[in-house]
Amino acid sequence: MICVMPNGNPNQMAAQTTQLPVSDMDYRDPANSNKYIHSIVKDIVPYIEKNFRVIADPDHRAIAGLSMGGGHTIAAANEYPGTFQYICPLSMGIWGEQPDIDEKLQGLKKAGYKLYWLACGNTDFLYESAQKLDAKLTDNGLEHTFYVTEGGHTWANWRVYLNTFAPLLFK
């Protein structure tokens, strides 16, 4: 398995590189969020599949992310249904108004997937958003797991989630 970690927040000082130019675009701005999602699917995935020895099909692609990356995971799966067969948003859910969420989830359901694995800590500030996503997935008939742990928005939880969902991938 190849784990690719693109930088979804390039303006953050700790994430900057001295080797590549950094865009001033704020990817957290809803007006720009689909640009990053588009780049994941249209730039990053094709680059990986061209330059690394991988099986280049949806059955051999997973997408997962923590916090903001969980939002990118949800958005990429919803905007490009059928691209990833394994979808694992962590510490994230439905944030703000998403009037087309049912339509997007029905598109994902129609395209098919093998695993939808959502996780969040019960004291995480995003727990309510994760509960909303769980409810929408249930209401739309999408089989999924909602894995709830004690605790909040922490690396300790995310390590548990990775160790729990990783063995479920590519089965």
# chains A, B, ... in the order shown; residues from 1 in each chain; ligands from 1
>>> select_by_dssp(residues="range 9-152 of chain A", states="helix (DSSP H, G or I)", output="ChimeraX atom specification")
/A:13-15,30-51,58-60,68-79,101-111,127-139
>>> closest_atom_pairs(of="range 142-166 of chain A", to="range 116-124 of chain A", cutoff="6 Å", atoms="only C-alpha atoms", output="Markdown table")
| residue | atom | partner | partner_atom | distance |
| --- | --- | --- | --- | --- |
| A:His144 | CA | A:Tyr116 | CA | 4.8 |
| A:Thr145 | CA | A:Trp117 | CA | 4.9 |
| A:Phe146 | CA | A:Leu118 | CA | 4.9 |
| A:Tyr147 | CA | A:Ala119 | CA | 4.5 |
| A:Val148 | CA | A:Cys120 | CA | 5.2 |
| A:Thr149 | CA | A:Gly121 | CA | 4.6 |
| A:Glu150 | CA | A:Gly121 | CA | 5.3 |
| A:Gly151 | CA | A:Gly121 | CA | 4.9 |
| A:Gly152 | CA | A:Asp124 | CA | 3.7 |
| A:His153 | CA | A:Asp124 | CA | 4.9 |
>>> write_last_selection(atoms="N, CA and C atoms", output="compact mmCIF listing (two decimals), in the first residue's frame")
# COMPACT_ATOMS: atom_id res chain seq x y z
N HIS A 144 -22.49 1.67 6.27
CA HIS A 144 -21.29 2.32 6.79
C HIS A 144 -21.07 1.92 8.25
N THR A 145 -19.90 2.26 8.74
CA THR A 145 -19.57 2.09 10.15
C THR A 145 -19.36 3.47 10.75
N PHE A 146 -19.97 3.71 11.91
CA PHE A 146 -19.70 4.93 12.67
C PHE A 146 -19.02 4.48 13.95
N TYR A 147 -17.72 4.70 14.00
CA TYR A 147 -16.87 4.25 15.10
C TYR A 147 -16.66 5.42 16.05
N VAL A 148 -17.20 5.31 17.25
CA VAL A 148 -17.12 6.39 18.23
C VAL A 148 -16.20 5.94 19.37
N THR A 149 -15.27 6.82 19.72
CA THR A 149 -14.36 6.56 20.83
C THR A 149 -14.56 7.61 21.91
N GLU A 150 -13.97 7.36 23.05
CA GLU A 150 -13.88 8.39 24.09
C GLU A 150 -12.90 9.44 23.59
N GLY A 151 -13.04 10.65 24.07
CA GLY A 151 -12.03 11.66 23.79
C GLY A 151 -12.39 12.58 22.64
N GLY A 152 -11.42 13.44 22.33
CA GLY A 152 -11.66 14.53 21.40
C GLY A 152 -10.86 14.47 20.13
N HIS A 153 -10.51 15.65 19.67
CA HIS A 153 -9.85 15.90 18.39
C HIS A 153 -8.35 15.75 18.58
>>> closest_residue(among="A:Ile2, A:Ser39, A:Ile87, A:Leu142", to="Asn51 in chain A", atoms="only C-alpha atoms")
A:Ile2
>>> atom_distance(atom1="CA of Cys88 in chain A", atom2="CA of Lys110 in chain A")
18.2 Å
>>> residues_around(residues="Tyr80 in chain A", least_positions_apart="2", cutoff="12 Å", atoms="only C-alpha atoms", output="ChimeraX atom specification")
/A:34,37-42,58,63,72-78,82-85,87,104-105,107-113
>>> write_last_selection(atoms="N, CA and C atoms", output="PDB file, in the first residue's frame")
ATOM      1  N   ASN A  34     -13.547  23.026  -3.791  1.00  0.00           N
ATOM      2  CA  ASN A  34     -13.615  22.047  -4.870  1.00  0.00           C
ATOM      3  C   ASN A  34     -12.381  22.054  -5.750  1.00  0.00           C
ATOM      4  N   ILE A  37     -10.227  19.475  -4.101  1.00  0.00           N
ATOM      5  CA  ILE A  37     -10.820  18.148  -4.352  1.00  0.00           C
ATOM      6  C   ILE A  37     -10.552  17.727  -5.787  1.00  0.00           C
ATOM      7  N   HIS A  38     -10.740  18.668  -6.719  1.00  0.00           N
ATOM      8  CA  HIS A  38     -10.470  18.388  -8.127  1.00  0.00           C
ATOM      9  C   HIS A  38      -9.003  17.988  -8.314  1.00  0.00           C
ATOM     10  N   SER A  39      -8.101  18.695  -7.634  1.00  0.00           N
ATOM     11  CA  SER A  39      -6.685  18.389  -7.759  1.00  0.00           C
ATOM     12  C   SER A  39      -6.348  16.993  -7.234  1.00  0.00           C
ATOM     13  N   ILE A  40      -6.996  16.596  -6.144  1.00  0.00           N
ATOM     14  CA  ILE A  40      -6.773  15.241  -5.626  1.00  0.00           C
ATOM     15  C   ILE A  40      -7.090  14.208  -6.699  1.00  0.00           C
ATOM     16  N   VAL A  41      -8.260  14.348  -7.305  1.00  0.00           N
ATOM     17  CA  VAL A  41      -8.753  13.332  -8.249  1.00  0.00           C
ATOM     18  C   VAL A  41      -8.121  13.468  -9.632  1.00  0.00           C
ATOM     19  N   LYS A  42      -7.953  14.687 -10.103  1.00  0.00           N
ATOM     20  CA  LYS A  42      -7.492  14.906 -11.485  1.00  0.00           C
ATOM     21  C   LYS A  42      -5.977  15.094 -11.622  1.00  0.00           C
ATOM     22  N   PRO A  58     -10.501   1.869  -9.217  1.00  0.00           N
ATOM     23  CA  PRO A  58     -11.165   2.235  -7.957  1.00  0.00           C
ATOM     24  C   PRO A  58     -11.091   1.174  -6.865  1.00  0.00           C
ATOM     25  N   ILE A  63      -9.473   6.636   0.258  1.00  0.00           N
ATOM     26  CA  ILE A  63      -9.251   8.024   0.648  1.00  0.00           C
ATOM     27  C   ILE A  63      -9.648   8.154   2.115  1.00  0.00           C
ATOM     28  N   HIS A  72     -12.185  16.892   3.205  1.00  0.00           N
ATOM     29  CA  HIS A  72     -11.743  16.641   1.831  1.00  0.00           C
ATOM     30  C   HIS A  72     -12.135  15.234   1.388  1.00  0.00           C
ATOM     31  N   THR A  73     -12.033  14.281   2.303  1.00  0.00           N
ATOM     32  CA  THR A  73     -12.414  12.896   2.002  1.00  0.00           C
ATOM     33  C   THR A  73     -13.888  12.816   1.631  1.00  0.00           C
ATOM     34  N   ILE A  74     -14.740  13.422   2.445  1.00  0.00           N
ATOM     35  CA  ILE A  74     -16.186  13.413   2.190  1.00  0.00           C
ATOM     36  C   ILE A  74     -16.480  14.085   0.851  1.00  0.00           C
ATOM     37  N   ALA A  75     -15.887  15.264   0.638  1.00  0.00           N
ATOM     38  CA  ALA A  75     -16.147  16.018  -0.586  1.00  0.00           C
ATOM     39  C   ALA A  75     -15.663  15.282  -1.831  1.00  0.00           C
ATOM     40  N   ALA A  76     -14.465  14.691  -1.772  1.00  0.00           N
ATOM     41  CA  ALA A  76     -13.943  13.966  -2.939  1.00  0.00           C
ATOM     42  C   ALA A  76     -14.816  12.763  -3.263  1.00  0.00           C
ATOM     43  N   ALA A  77     -15.237  12.034  -2.238  1.00  0.00           N
ATOM     44  CA  ALA A  77     -16.112  10.875  -2.465  1.00  0.00           C
ATOM     45  C   ALA A  77     -17.449  11.308  -3.052  1.00  0.00           C
ATOM     46  N   ASN A  78     -17.986  12.415  -2.556  1.00  0.00           N
ATOM     47  CA  ASN A  78     -19.283  12.899  -3.039  1.00  0.00           C
ATOM     48  C   ASN A  78     -19.204  13.515  -4.427  1.00  0.00           C
ATOM     49  N   GLY A  82     -17.450   6.745  -7.148  1.00  0.00           N
ATOM     50  CA  GLY A  82     -16.886   5.636  -7.907  1.00  0.00           C
ATOM     51  C   GLY A  82     -15.378   5.709  -8.062  1.00  0.00           C
ATOM     52  N   THR A  83     -14.748   6.810  -7.665  1.00  0.00           N
ATOM     53  CA  THR A  83     -13.300   6.954  -7.797  1.00  0.00           C
ATOM     54  C   THR A  83     -12.563   6.168  -6.722  1.00  0.00           C
ATOM     55  N   PHE A  84     -13.125   6.170  -5.504  1.00  0.00           N
ATOM     56  CA  PHE A  84     -12.516   5.482  -4.370  1.00  0.00           C
ATOM     57  C   PHE A  84     -13.500   4.452  -3.827  1.00  0.00           C
ATOM     58  N   GLN A  85     -13.034   3.232  -3.609  1.00  0.00           N
ATOM     59  CA  GLN A  85     -13.901   2.190  -3.061  1.00  0.00           C
ATOM     60  C   GLN A  85     -13.866   2.144  -1.536  1.00  0.00           C
ATOM     61  N   ILE A  87     -13.652   4.698   1.782  1.00  0.00           N
ATOM     62  CA  ILE A  87     -13.843   6.092   2.169  1.00  0.00           C
ATOM     63  C   ILE A  87     -13.828   6.162   3.691  1.00  0.00           C
ATOM     64  N   LYS A 104     -25.979  13.960  -3.460  1.00  0.00           N
ATOM     65  CA  LYS A 104     -24.583  13.507  -3.546  1.00  0.00           C
ATOM     66  C   LYS A 104     -24.439  12.090  -2.986  1.00  0.00           C
ATOM     67  N   LEU A 105     -25.068  11.830  -1.847  1.00  0.00           N
ATOM     68  CA  LEU A 105     -24.968  10.500  -1.243  1.00  0.00           C
ATOM     69  C   LEU A 105     -25.664   9.445  -2.100  1.00  0.00           C
ATOM     70  N   GLY A 107     -25.780   9.558  -5.324  1.00  0.00           N
ATOM     71  CA  GLY A 107     -24.818   9.328  -6.406  1.00  0.00           C
ATOM     72  C   GLY A 107     -23.708   8.384  -5.977  1.00  0.00           C
ATOM     73  N   LEU A 108     -23.231   8.555  -4.746  1.00  0.00           N
ATOM     74  CA  LEU A 108     -22.209   7.669  -4.207  1.00  0.00           C
ATOM     75  C   LEU A 108     -22.750   6.248  -4.057  1.00  0.00           C
ATOM     76  N   LYS A 109     -23.973   6.152  -3.566  1.00  0.00           N
ATOM     77  CA  LYS A 109     -24.602   4.835  -3.406  1.00  0.00           C
ATOM     78  C   LYS A 109     -24.747   4.140  -4.758  1.00  0.00           C
ATOM     79  N   LYS A 110     -25.190   4.883  -5.759  1.00  0.00           N
ATOM     80  CA  LYS A 110     -25.383   4.316  -7.099  1.00  0.00           C
ATOM     81  C   LYS A 110     -24.050   3.870  -7.703  1.00  0.00           C
ATOM     82  N   ALA A 111     -22.993   4.669  -7.498  1.00  0.00           N
ATOM     83  CA  ALA A 111     -21.674   4.324  -8.055  1.00  0.00           C
ATOM     84  C   ALA A 111     -21.070   3.108  -7.355  1.00  0.00           C
ATOM     85  N   GLY A 112     -21.411   2.941  -6.076  1.00  0.00           N
ATOM     86  CA  GLY A 112     -20.907   1.812  -5.303  1.00  0.00           C
ATOM     87  C   GLY A 112     -19.588   2.116  -4.613  1.00  0.00           C
ATOM     88  N   TYR A 113     -19.355   1.402  -3.537  1.00  0.00           N
ATOM     89  CA  TYR A 113     -18.142   1.507  -2.737  1.00  0.00           C
ATOM     90  C   TYR A 113     -18.078   0.241  -1.891  1.00  0.00           C
TER      91      TYR A 113
END
